[in-house]
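I have placed the structure first, in the form of structure tokens, so that the comments after it can refer back to it.
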Amino acid sequence: VRVTFAELSQTELSDLVASLRAAYGELSARGLKLDLTRGKPSAEQLDLSTALLDLPGSADYRAADGSDVRNYGGLRGLPELREIFAPLLGLKPESMIAVGNSSLELMHDYLMHAVLFGVPGGSAPWRDVAFLCPVPGYDRHFSICAKLGMEMIPVPMTADGPDLAEVERLAADPKVKGIWCVPKYSNPTGEIYSPETVRRLAEMPTGAEDFRIFWDNAYAVHHLTDEQQEIEDIIGAAQAAGHPDRPIVFGSASKITLAGSGIAFLGASDANLDWLVGHLSKRTIGPDKINHLRHVRFLESPQGVLDLMAKHRALLRPKFDLVGQALTDELADTGVATWTTPRGGYFVTLTVRPGCASRIVELAGQAGIALTPAGAPFPHGKDPQDNVIRIAPTFPPLTELADAMAALVLCVKLASAEQLLAA
Ligand SMILES: Cc1ncc(COP(=O)(O)O)c(C=O)c1O
């Protein structure tokens, strides 16, 4: 029976630190240059969609309604493309738009217009407002709020989604205008929002009459297991609760086809869509409909998307398994770390002893393994406990991932043992 680090005597601990330091010295001498920071698809994943580069082809430029996609217009995006993605995102084709290649851009624009002009159902532009930020969360969501000077109020995540009692309490303040949600395979902790969470978010009373749920369903079809996890329909639930304008649903093909040339989607009430399209129409005369048509030709149907996602899964599953195995083999008995086993999405979250995360990232960095800065998944990059590390296994090839994980677990052990010894 192995004992945890915390159970070791001072002598045993100092022996452990000495041997870990020796191992770390050998690691550093290898001169590795590895990167676990990037939550982006690997080259092999992009290869799955290379056919897009030859589509639609020089003779194919008519949309289903006969219009010429080479020309201006069609602000809401090709209807046949919306039909493919609507069921996958739990939306109706007529209640969504398909626009550029980045859903982050849509989130940014929605908030920008809200700050400048206010939103449907509200009485003033969003100045001096606050947003609820379930943590750990997606750093780029928080960067938008930071840039616009919005106050960010962290809310702890639970296995079923954000802590609802806390959300309901905070949302009573009229200053609080919204909440960030990644409802399926959450970035970075992998949670799937329960039906109860979806219902209560839709129903809860809010102090602001123009409260919004930013429902970023970025990983809607990014399953890592045989079971396709589903979430409840936030738009239907909000409608039923008398809050039709509350949810703004985002979707993205960035991690389905090409991260640099996918399609972004937004689904919401008519009032929200008319408002947003009104603003977008001052900014553009129409999206890249050739890219829309190319996606229609390539994907063909919702099933076409699911078939493609099965190929992604075949590439990703071994990487997530490797990460889980490396963590289990080296850290399971130590008592100094826990980690997530995501059922989908792009990340594994490693939770270490409070106060150790930034030291681990620093040690890894000095040995040539780049990790996402500790604190990144928190507003303003500050993790109050300094104990969360986000691992992004998708990009590196398996052999590099194995080296990087071996190095990471060593750094976790070393930082933890040093901290215990110093205590
Ligand atoms: C939760 C979440 N939303 C949005 C994005 C970015 O989406 P897009 O490429 O459509 O801008 C990411 C990318 O990592 C993400 O994790």
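In the structure tokens, each chain is lettered A, B, ... as it comes, each chain's residues begin at 1, and ligands are numbered from 1 in order of appearance.
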
List every residue of chain A that has an atom at most 7 Å from any atom of ligand 1, and for each one report the closest atom pair and its distance in Å to one decimal, counting only C-alpha atoms and all ligand atoms, with rows sorted by chain and then by increasing residue number, as a Markdown table.
| residue | atom | partner | partner_atom_place_in_ligand_line | distance |
| --- | --- | --- | --- | --- |
| A:Gly39 | CA | ligand 1 | 14 (O) | 5.8 |
| A:Lys40 | CA | ligand 1 | 14 (O) | 6.8 |
| A:Asn101 | CA | ligand 1 | 10 (O) | 6.2 |
| A:Ser102 | CA | ligand 1 | 11 (O) | 3.5 |
| A:Ser103 | CA | ligand 1 | 10 (O) | 3.6 |
| A:Leu104 | CA | ligand 1 | 11 (O) | 3.8 |
| A:Glu105 | CA | ligand 1 | 11 (O) | 6.1 |
| A:Tyr138 | CA | ligand 1 | 1 (C) | 5.8 |
| A:Val182 | CA | ligand 1 | 1 (C) | 5.7 |
| A:Ser186 | CA | ligand 1 | 1 (C) | 6.9 |
| A:Asn187 | CA | ligand 1 | 1 (C) | 5.4 |
| A:Asp216 | CA | ligand 1 | 3 (N) | 5.8 |
| A:Ala218 | CA | ligand 1 | 3 (N) | 5.0 |
| A:Gly251 | CA | ligand 1 | 10 (O) | 6.9 |
| A:Ser252 | CA | ligand 1 | 10 (O) | 4.4 |
| A:Ala253 | CA | ligand 1 | 10 (O) | 6.5 |
| A:Ser254 | CA | ligand 1 | 9 (O) | 4.7 |
| A:Ala259 | CA | ligand 1 | 9 (O) | 6.0 |
| A:Ala264 | CA | ligand 1 | 10 (O) | 5.4 |

How close does segment 152-202 of chain A get to segment 384-394 of chain A? List, as a tab-separated table, each residue of segment 152-202 of chain A within 12 Å, its nearest atom pair and the distance in Å to one decimal, counting only C-alpha atoms.
residue	atom	partner	partner_atom	distance
A:Pro154	CA	A:Pro384	CA	10.5
A:Pro156	CA	A:Pro384	CA	11.9
A:Asn187	CA	A:Arg390	CA	9.2
A:Pro188	CA	A:Arg390	CA	6.5
A:Thr189	CA	A:Arg390	CA	8.4
A:Gly190	CA	A:Arg390	CA	11.2

**Request:** Find the distance between atom CA of Glu230 of chain A and atom CA of Lys319 of chain A and write it in Å to one decimal.
**Result:**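 Interatomic distance, atom CA of Glu230 of chain A to atom CA of Lys319 of chain A: 23.3 Å.
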
**Fill in**
Judged by only C-alpha atoms, the minimum distance to Leu331 of chain A among A:Arg313, A:Ala406, A:Val277, A:Gly77 is found for A:Ala406

Distance table requested - segment 266-341 of chain A against segment 58-67 of chain A, cut-off 9 Å, only C-alpha atoms: one row per qualifying residue with the closest atom pair and its distance in Å to one decimal, ordered by chain and rising residue number, as a Markdown table.
| residue | atom | partner | partner_atom | distance |
| --- | --- | --- | --- | --- |
| A:Lys289 | CA | A:Ala63 | CA | 8.8 |
| A:Ile290 | CA | A:Tyr61 | CA | 7.2 |
| A:Leu293 | CA | A:Ala63 | CA | 6.9 |

Among segment 69-295 of chain A, which ones does DSSP assign to helix (DSSP H, G or I) (computed from the backbone)? Answer as a short mmCIF file (atom, residue, chain, number, x, y, z; two decimals) with N, CA and C atoms, in the first residue's frame.
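Okay, this is what ended up in result.cif:
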data_model
loop_
_atom_site.label_atom_id
_atom_site.label_comp_id
_atom_site.auth_asym_id
_atom_site.auth_seq_id
_atom_site.Cartn_x
_atom_site.Cartn_y
_atom_site.Cartn_z
N PRO A 79 -29.92 29.27 -45.98
CA PRO A 79 -30.89 28.45 -45.24
C PRO A 79 -30.52 26.98 -45.20
N GLU A 80 -29.98 26.44 -46.30
CA GLU A 80 -29.67 25.00 -46.30
C GLU A 80 -28.53 24.66 -45.34
N LEU A 81 -27.66 25.62 -45.08
CA LEU A 81 -26.61 25.39 -44.09
C LEU A 81 -27.21 25.42 -42.68
N ARG A 82 -28.11 26.37 -42.46
CA ARG A 82 -28.76 26.45 -41.15
C ARG A 82 -29.55 25.18 -40.88
N GLU A 83 -30.13 24.60 -41.94
CA GLU A 83 -30.89 23.35 -41.74
C GLU A 83 -29.99 22.21 -41.28
N ILE A 84 -28.78 22.19 -41.74
CA ILE A 84 -27.86 21.13 -41.32
C ILE A 84 -27.50 21.28 -39.84
N PHE A 85 -27.22 22.51 -39.41
CA PHE A 85 -26.72 22.70 -38.04
C PHE A 85 -27.82 22.88 -37.00
N ALA A 86 -29.02 23.29 -37.43
CA ALA A 86 -30.08 23.59 -36.46
C ALA A 86 -30.34 22.42 -35.50
N PRO A 87 -30.59 21.20 -36.00
CA PRO A 87 -30.90 20.13 -35.06
C PRO A 87 -29.72 19.80 -34.14
N LEU A 88 -28.52 19.99 -34.61
CA LEU A 88 -27.34 19.67 -33.80
C LEU A 88 -27.16 20.66 -32.66
N LEU A 89 -27.65 21.88 -32.88
CA LEU A 89 -27.51 22.92 -31.86
C LEU A 89 -28.81 23.14 -31.09
N PRO A 93 -34.02 26.46 -37.90
CA PRO A 93 -33.29 27.20 -38.94
C PRO A 93 -33.74 28.65 -39.07
N GLU A 94 -35.04 28.89 -38.87
CA GLU A 94 -35.54 30.27 -39.03
C GLU A 94 -35.22 31.14 -37.83
N SER A 95 -34.77 30.53 -36.73
CA SER A 95 -34.44 31.31 -35.53
C SER A 95 -32.94 31.39 -35.28
N SER A 103 -17.40 32.22 -33.76
CA SER A 103 -18.50 32.48 -32.84
C SER A 103 -18.07 33.47 -31.76
N LEU A 104 -16.78 33.47 -31.45
CA LEU A 104 -16.27 34.43 -30.47
C LEU A 104 -16.55 35.86 -30.95
N GLU A 105 -16.39 36.04 -32.24
CA GLU A 105 -16.66 37.35 -32.85
C GLU A 105 -18.12 37.76 -32.63
N LEU A 106 -19.04 36.78 -32.72
CA LEU A 106 -20.46 37.08 -32.50
C LEU A 106 -20.73 37.45 -31.04
N MET A 107 -20.08 36.74 -30.12
CA MET A 107 -20.25 37.07 -28.70
C MET A 107 -19.72 38.48 -28.44
N HIS A 108 -18.57 38.75 -28.98
CA HIS A 108 -17.95 40.06 -28.85
C HIS A 108 -18.88 41.14 -29.41
N ASP A 109 -19.38 40.91 -30.61
CA ASP A 109 -20.24 41.92 -31.25
C ASP A 109 -21.52 42.13 -30.46
N TYR A 110 -22.13 41.04 -30.00
CA TYR A 110 -23.38 41.20 -29.24
C TYR A 110 -23.12 42.11 -28.03
N LEU A 111 -22.04 41.84 -27.32
CA LEU A 111 -21.75 42.63 -26.11
C LEU A 111 -21.38 44.06 -26.46
N MET A 112 -20.64 44.23 -27.51
CA MET A 112 -20.25 45.57 -27.97
C MET A 112 -21.50 46.39 -28.29
N HIS A 113 -22.43 45.81 -29.04
CA HIS A 113 -23.67 46.53 -29.38
C HIS A 113 -24.50 46.78 -28.12
N ALA A 114 -24.46 45.83 -27.18
CA ALA A 114 -25.21 46.02 -25.94
C ALA A 114 -24.66 47.21 -25.15
N VAL A 115 -23.33 47.32 -25.13
CA VAL A 115 -22.71 48.43 -24.41
C VAL A 115 -23.02 49.77 -25.10
N LEU A 116 -23.00 49.74 -26.41
CA LEU A 116 -23.21 51.00 -27.14
C LEU A 116 -24.68 51.41 -27.19
N PHE A 117 -25.58 50.43 -27.35
CA PHE A 117 -26.97 50.77 -27.66
C PHE A 117 -28.01 50.18 -26.71
N ASP A 139 -11.21 31.43 -21.02
CA ASP A 139 -10.53 32.72 -20.83
C ASP A 139 -10.97 33.80 -21.81
N ARG A 140 -11.28 33.41 -23.04
CA ARG A 140 -11.63 34.45 -24.01
C ARG A 140 -12.98 35.10 -23.74
N HIS A 141 -13.88 34.36 -23.10
CA HIS A 141 -15.13 35.01 -22.65
C HIS A 141 -14.78 36.14 -21.69
N PHE A 142 -13.91 35.81 -20.76
CA PHE A 142 -13.58 36.79 -19.72
C PHE A 142 -12.81 37.98 -20.31
N SER A 143 -12.01 37.72 -21.34
CA SER A 143 -11.26 38.82 -21.95
C SER A 143 -12.19 39.84 -22.59
N ILE A 144 -13.32 39.38 -23.13
CA ILE A 144 -14.26 40.34 -23.73
C ILE A 144 -14.81 41.25 -22.63
N CYS A 145 -15.24 40.64 -21.54
CA CYS A 145 -15.76 41.44 -20.42
C CYS A 145 -14.71 42.41 -19.91
N ALA A 146 -13.47 41.92 -19.78
CA ALA A 146 -12.40 42.77 -19.26
C ALA A 146 -12.19 43.96 -20.18
N LYS A 147 -12.18 43.68 -21.47
CA LYS A 147 -11.95 44.76 -22.44
C LYS A 147 -13.04 45.82 -22.36
N LEU A 164 -26.32 26.99 -8.67
CA LEU A 164 -27.55 27.73 -9.01
C LEU A 164 -28.01 28.66 -7.89
N ALA A 165 -27.84 28.23 -6.66
CA ALA A 165 -28.26 29.11 -5.56
C ALA A 165 -27.49 30.42 -5.63
N GLU A 166 -26.22 30.30 -5.93
CA GLU A 166 -25.35 31.47 -6.04
C GLU A 166 -25.76 32.32 -7.26
N VAL A 167 -26.03 31.67 -8.38
CA VAL A 167 -26.44 32.40 -9.58
C VAL A 167 -27.74 33.15 -9.31
N GLU A 168 -28.71 32.46 -8.70
CA GLU A 168 -30.00 33.10 -8.44
C GLU A 168 -29.85 34.28 -7.49
N ARG A 169 -29.01 34.12 -6.50
CA ARG A 169 -28.79 35.20 -5.53
C ARG A 169 -28.15 36.41 -6.23
N LEU A 170 -27.11 36.16 -7.01
CA LEU A 170 -26.38 37.27 -7.65
C LEU A 170 -27.21 37.93 -8.75
N ALA A 171 -28.02 37.13 -9.46
CA ALA A 171 -28.79 37.67 -10.59
C ALA A 171 -29.92 38.60 -10.12
N PRO A 195 -30.68 18.91 -16.64
CA PRO A 195 -31.97 19.49 -17.00
C PRO A 195 -32.44 20.53 -15.98
N GLU A 196 -32.21 20.23 -14.72
CA GLU A 196 -32.59 21.15 -13.65
C GLU A 196 -31.85 22.50 -13.77
N THR A 197 -30.57 22.43 -14.12
CA THR A 197 -29.80 23.66 -14.30
C THR A 197 -30.37 24.49 -15.43
N VAL A 198 -30.66 23.83 -16.54
CA VAL A 198 -31.18 24.56 -17.71
C VAL A 198 -32.51 25.22 -17.34
N ARG A 199 -33.37 24.45 -16.69
CA ARG A 199 -34.70 24.97 -16.34
C ARG A 199 -34.59 26.16 -15.39
N ARG A 200 -33.77 26.02 -14.37
CA ARG A 200 -33.69 27.12 -13.38
C ARG A 200 -33.05 28.37 -13.97
N LEU A 201 -32.07 28.20 -14.84
CA LEU A 201 -31.48 29.38 -15.48
C LEU A 201 -32.53 30.10 -16.34
N ALA A 202 -33.37 29.31 -16.99
CA ALA A 202 -34.41 29.90 -17.86
C ALA A 202 -35.48 30.59 -17.03
N GLU A 203 -35.79 30.01 -15.87
CA GLU A 203 -36.94 30.49 -15.09
C GLU A 203 -36.60 31.57 -14.08
N ILE A 234 -32.66 25.26 -24.09
CA ILE A 234 -32.70 26.49 -23.30
C ILE A 234 -33.68 27.50 -23.91
N ILE A 235 -33.78 27.51 -25.23
CA ILE A 235 -34.67 28.50 -25.86
C ILE A 235 -36.13 28.15 -25.54
N GLY A 236 -36.47 26.87 -25.67
CA GLY A 236 -37.84 26.44 -25.34
C GLY A 236 -38.16 26.69 -23.87
N ALA A 237 -37.20 26.38 -22.99
CA ALA A 237 -37.43 26.56 -21.56
C ALA A 237 -37.62 28.04 -21.22
N ALA A 238 -36.84 28.89 -21.85
CA ALA A 238 -36.96 30.34 -21.58
C ALA A 238 -38.27 30.89 -22.12
N GLN A 239 -38.66 30.39 -23.28
CA GLN A 239 -39.96 30.81 -23.84
C GLN A 239 -41.09 30.43 -22.90
N ALA A 240 -41.06 29.17 -22.45
CA ALA A 240 -42.12 28.67 -21.58
C ALA A 240 -42.17 29.46 -20.28
N ASP A 270 -36.81 36.22 -32.04
CA ASP A 270 -36.90 37.13 -33.19
C ASP A 270 -36.42 38.53 -32.80
N ALA A 271 -36.80 38.98 -31.61
CA ALA A 271 -36.41 40.33 -31.19
C ALA A 271 -34.89 40.47 -31.16
N ASN A 272 -34.23 39.46 -30.60
CA ASN A 272 -32.76 39.49 -30.56
C ASN A 272 -32.15 39.43 -31.96
N LEU A 273 -32.70 38.53 -32.79
CA LEU A 273 -32.13 38.36 -34.13
C LEU A 273 -32.31 39.63 -34.95
N ASP A 274 -33.52 40.23 -34.90
CA ASP A 274 -33.74 41.45 -35.67
C ASP A 274 -32.81 42.56 -35.20
N TRP A 275 -32.66 42.64 -33.90
CA TRP A 275 -31.78 43.66 -33.31
C TRP A 275 -30.33 43.46 -33.80
N LEU A 276 -29.86 42.21 -33.69
CA LEU A 276 -28.47 41.95 -34.05
C LEU A 276 -28.23 42.11 -35.55
N VAL A 277 -29.15 41.56 -36.34
CA VAL A 277 -28.98 41.66 -37.79
C VAL A 277 -29.04 43.13 -38.23
N GLY A 278 -29.88 43.91 -37.53
CA GLY A 278 -29.91 45.36 -37.80
C GLY A 278 -28.54 45.98 -37.60
N HIS A 279 -27.88 45.61 -36.53
CA HIS A 279 -26.53 46.14 -36.29
C HIS A 279 -25.52 45.57 -37.28
N LEU A 280 -25.63 44.25 -37.53
CA LEU A 280 -24.66 43.63 -38.46
C LEU A 280 -24.78 44.24 -39.85
N LYS A 289 -20.78 33.56 -48.31
CA LYS A 289 -21.73 32.48 -48.65
C LYS A 289 -21.08 31.37 -49.47
N ILE A 290 -19.95 31.67 -50.06
CA ILE A 290 -19.24 30.59 -50.76
C ILE A 290 -18.75 29.57 -49.72
N ASN A 291 -18.29 30.07 -48.59
CA ASN A 291 -17.88 29.14 -47.52
C ASN A 291 -19.11 28.38 -46.99
N HIS A 292 -20.23 29.08 -46.94
CA HIS A 292 -21.47 28.39 -46.52
C HIS A 292 -21.79 27.25 -47.49
N LEU A 293 -21.76 27.55 -48.79
CA LEU A 293 -22.11 26.53 -49.79
C LEU A 293 -21.12 25.37 -49.76
N ARG A 294 -19.86 25.71 -49.59
CA ARG A 294 -18.81 24.68 -49.51
C ARG A 294 -19.09 23.73 -48.33
N HIS A 295 -19.53 24.29 -47.22
CA HIS A 295 -19.86 23.46 -46.07
C HIS A 295 -21.10 22.60 -46.34
#

**Request:** Would you mind reading off the distance between atom CA of Leu20 of chain A and atom CA of Arg2 of chain A, one decimal, in Å?
**Result:**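 It comes out at 16.9 Å.
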
**Atomic distance atom CA of Pro244 of chain A - atom CA of Gly344 of chain A, expressed in Å with one decimal** = 28.9 Å

**Request:** Extract, using only C-alpha atoms, all DNA, RNA and protein residues at most 9 Å from segment 129-135 of chain A, discarding same-chain residues fewer than 6 positions from it, and format them as a ChimeraX atom specification.
**Result:** /A:141-142,145,149-157,161-163,167,170-171,174-181,377-379

**Prompt:** Nearest to Asp210 of chain A: which of A:Gly324, A:Pro342, A:Gly381, A:Pro125 is it, counting only C-alpha atoms?
**Reply:**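 Checking each candidate against Asp210 of chain A, we get A:Pro125 as the closest.
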
**Request:** Find the residue from A:Ala18, A:Leu34, A:Ala357, A:Leu78 that sits nearest to Ile263 of chain A; use only C-alpha atoms when measuring.
**Result:** A:Leu78

**Request:** Just the residues within 8 Å of Phe395 of chain A, please, counting only C-alpha atoms, with nothing from its chain fewer than 5 positions along; format it as a list of chain:residue names.
**Result:**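 Non-adjacent residues within range: A:Leu36, A:Arg38, A:Gly39, A:Lys40, A:Pro41, A:Ser42, A:Ala43.
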
List the spatial neighbours of Ile256 of chain A as a tab-separated table (two decimals) with N, CA, C and O atoms, in the first residue's frame - criterion: any atom at most 12 Å away, only C-alpha atoms, same-chain residues fewer than 6 positions off excluded.
chain	number	residue	atom	x	y	z
A	40	LYS	N	-6.52	23.54	-29.83
A	40	LYS	CA	-6.90	23.61	-31.24
A	40	LYS	C	-6.74	22.24	-31.90
A	40	LYS	O	-6.02	21.37	-31.38
A	41	PRO	N	-7.39	22.04	-33.04
A	41	PRO	CA	-7.32	20.73	-33.69
A	41	PRO	C	-5.91	20.45	-34.20
A	41	PRO	O	-5.17	21.36	-34.55
A	42	SER	N	-5.57	19.16	-34.25
A	42	SER	CA	-4.28	18.75	-34.81
A	42	SER	C	-4.35	18.79	-36.33
A	42	SER	O	-5.44	18.86	-36.92
A	45	GLN	N	-6.62	16.20	-37.71
A	45	GLN	CA	-8.04	16.56	-37.66
A	45	GLN	C	-8.39	17.50	-38.82
A	45	GLN	O	-9.44	17.35	-39.44
A	46	LEU	N	-7.53	18.44	-39.09
A	46	LEU	CA	-7.79	19.36	-40.21
A	46	LEU	C	-7.82	18.60	-41.53
A	46	LEU	O	-8.62	18.90	-42.42
A	47	ASP	N	-6.97	17.56	-41.62
A	47	ASP	CA	-6.94	16.76	-42.85
A	47	ASP	C	-8.31	16.13	-43.16
A	47	ASP	O	-8.63	15.87	-44.32
A	48	LEU	N	-9.11	15.88	-42.11
A	48	LEU	CA	-10.43	15.28	-42.33
A	48	LEU	C	-11.31	16.17	-43.20
A	48	LEU	O	-12.26	15.69	-43.81
A	49	SER	N	-11.00	17.46	-43.22
A	49	SER	CA	-11.85	18.40	-43.97
A	49	SER	C	-11.11	19.06	-45.13
A	49	SER	O	-11.54	20.09	-45.64
A	50	THR	N	-10.01	18.46	-45.54
A	50	THR	CA	-9.26	19.05	-46.65
A	50	THR	C	-10.09	19.18	-47.92
A	50	THR	O	-9.89	20.09	-48.72
A	52	LEU	N	-12.79	20.35	-48.34
A	52	LEU	CA	-13.42	21.67	-48.40
A	52	LEU	C	-12.64	22.62	-49.31
A	52	LEU	O	-13.23	23.51	-49.92
A	85	PHE	N	-27.22	22.51	-39.41
A	85	PHE	CA	-26.72	22.70	-38.04
A	85	PHE	C	-27.82	22.88	-37.00
A	85	PHE	O	-27.58	22.65	-35.81
A	88	LEU	N	-28.52	19.99	-34.61
A	88	LEU	CA	-27.34	19.67	-33.80
A	88	LEU	C	-27.16	20.66	-32.66
A	88	LEU	O	-26.60	20.34	-31.62
A	101	ASN	N	-16.68	33.21	-39.61
A	101	ASN	CA	-16.04	31.95	-39.22
A	101	ASN	C	-15.80	31.85	-37.72
A	101	ASN	O	-15.24	30.87	-37.27
A	218	ALA	N	-20.26	25.45	-27.85
A	218	ALA	CA	-19.12	25.23	-28.75
A	218	ALA	C	-18.80	23.75	-28.97
A	218	ALA	O	-18.21	23.38	-29.98
A	219	TYR	N	-19.18	22.91	-27.99
A	219	TYR	CA	-18.82	21.48	-28.07
A	219	TYR	C	-20.04	20.58	-28.21
A	219	TYR	O	-20.06	19.45	-27.72
A	220	ALA	N	-21.05	21.08	-28.92
A	220	ALA	CA	-22.34	20.40	-29.04
A	220	ALA	C	-22.21	18.96	-29.55
A	220	ALA	O	-22.95	18.07	-29.11
A	221	VAL	N	-21.31	18.72	-30.48
A	221	VAL	CA	-21.21	17.39	-31.09
A	221	VAL	C	-19.82	16.77	-30.88
A	221	VAL	O	-19.43	15.83	-31.58
A	222	HIS	N	-19.09	17.30	-29.90
A	222	HIS	CA	-17.70	16.89	-29.72
A	222	HIS	C	-17.59	15.82	-28.65
A	222	HIS	O	-16.96	15.99	-27.61
A	223	HIS	N	-18.23	14.67	-28.94
A	223	HIS	CA	-18.28	13.58	-27.98
A	223	HIS	C	-16.96	12.81	-27.97
A	223	HIS	O	-16.34	12.62	-29.01
A	262	GLY	N	-14.23	27.97	-40.45
A	262	GLY	CA	-15.49	27.28	-40.18
A	262	GLY	C	-16.65	28.25	-40.36
A	262	GLY	O	-16.57	29.21	-41.14
A	263	ILE	N	-17.75	27.97	-39.64
A	263	ILE	CA	-18.92	28.85	-39.69
A	263	ILE	C	-19.39	29.07	-38.26
A	263	ILE	O	-19.38	28.14	-37.45
A	264	ALA	N	-19.80	30.31	-37.97
A	264	ALA	CA	-20.34	30.63	-36.65
A	264	ALA	C	-21.86	30.77	-36.74
A	264	ALA	O	-22.38	31.28	-37.74
A	295	HIS	N	-19.53	24.29	-47.22
A	295	HIS	CA	-19.86	23.46	-46.07
A	295	HIS	C	-21.10	22.60	-46.34
A	295	HIS	O	-21.17	21.45	-45.91
A	298	PHE	N	-20.00	19.73	-48.52
A	298	PHE	CA	-19.12	18.79	-47.83
A	298	PHE	C	-19.86	17.98	-46.76
A	298	PHE	O	-19.71	16.77	-46.65
A	299	LEU	N	-20.71	18.65	-45.99
A	299	LEU	CA	-21.34	17.98	-44.84
A	299	LEU	C	-22.66	17.30	-45.21
A	299	LEU	O	-23.04	16.30	-44.61
A	302	PRO	N	-27.19	16.72	-41.20
A	302	PRO	CA	-26.76	16.59	-39.81
A	302	PRO	C	-25.98	15.28	-39.59
A	302	PRO	O	-24.98	15.26	-38.87
A	304	GLY	N	-24.12	13.85	-41.69
A	304	GLY	CA	-22.77	14.07	-42.24
A	304	GLY	C	-21.85	14.69	-41.20
A	304	GLY	O	-20.67	14.33	-41.10
A	305	VAL	N	-22.40	15.62	-40.41
A	305	VAL	CA	-21.60	16.24	-39.34
A	305	VAL	C	-21.24	15.20	-38.29
A	305	VAL	O	-20.09	15.10	-37.85
A	306	LEU	N	-22.22	14.38	-37.92
A	306	LEU	CA	-21.97	13.37	-36.88
A	306	LEU	C	-20.94	12.34	-37.36
A	306	LEU	O	-20.09	11.89	-36.58
A	307	ASP	N	-21.02	11.97	-38.64
A	307	ASP	CA	-20.03	11.03	-39.18
A	307	ASP	C	-18.63	11.62	-39.12
A	307	ASP	O	-17.66	10.93	-38.78
A	308	LEU	N	-18.53	12.90	-39.44
A	308	LEU	CA	-17.23	13.56	-39.38
A	308	LEU	C	-16.73	13.61	-37.93
A	308	LEU	O	-15.54	13.37	-37.66
A	309	MET	N	-17.64	13.89	-37.00
A	309	MET	CA	-17.24	13.97	-35.61
A	309	MET	C	-16.75	12.61	-35.08
A	309	MET	O	-15.90	12.54	-34.19
A	310	ALA	N	-17.30	11.53	-35.64
A	310	ALA	CA	-16.83	10.20	-35.23
A	310	ALA	C	-15.36	10.02	-35.64
A	310	ALA	O	-14.57	9.38	-34.92
A	311	LYS	N	-14.98	10.61	-36.77
A	311	LYS	CA	-13.58	10.51	-37.20
A	311	LYS	C	-12.68	11.37	-36.29
A	311	LYS	O	-11.56	10.98	-35.97
A	312	HIS	N	-13.20	12.53	-35.89
A	312	HIS	CA	-12.42	13.33	-34.92
A	312	HIS	C	-12.20	12.53	-33.64
A	312	HIS	O	-11.12	12.51	-33.07
A	313	ARG	N	-13.29	11.90	-33.22
A	313	ARG	CA	-13.22	11.15	-31.97
A	313	ARG	C	-12.16	10.05	-32.04
A	313	ARG	O	-11.41	9.81	-31.09
A	345	GLY	N	-15.49	17.39	-25.60
A	345	GLY	CA	-14.81	18.68	-25.53
A	345	GLY	C	-13.32	18.56	-25.78
A	345	GLY	O	-12.85	17.57	-26.35

**Request:** Pick out the residues sitting within 12 Å of Gly355 of chain A, and hand them over as an MDAnalysis selection string; count only C-alpha atoms, and ignore anything fewer than 3 positions along from it in its own chain.
**Result:** chainID A and resid 336 351:352 358:361 374:375 382:389 412 415:416 418:420 423

**Request:** Find, counting only C-alpha atoms, the residue in A:Ala23, A:Thr372, A:Glu12, A:Ser281 that gets nearest to Val409 of chain A.
**Result:**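 When distances to Val409 of chain A are compared using only C-alpha atoms, the smallest one comes from A:Ala23.
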
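Proximity to Ile231 of chain A was assessed for A:Met96, A:Ile192, A:Leu8, A:Leu266 counting only C-alpha atoms; the smallest distance is recorded for A:Ile192.
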
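Proximity to Gly137 of chain A was assessed for A:Asp321, A:Glu191, A:Glu232, A:Asp173 counting only C-alpha atoms; the smallest distance is recorded for A:Glu191.
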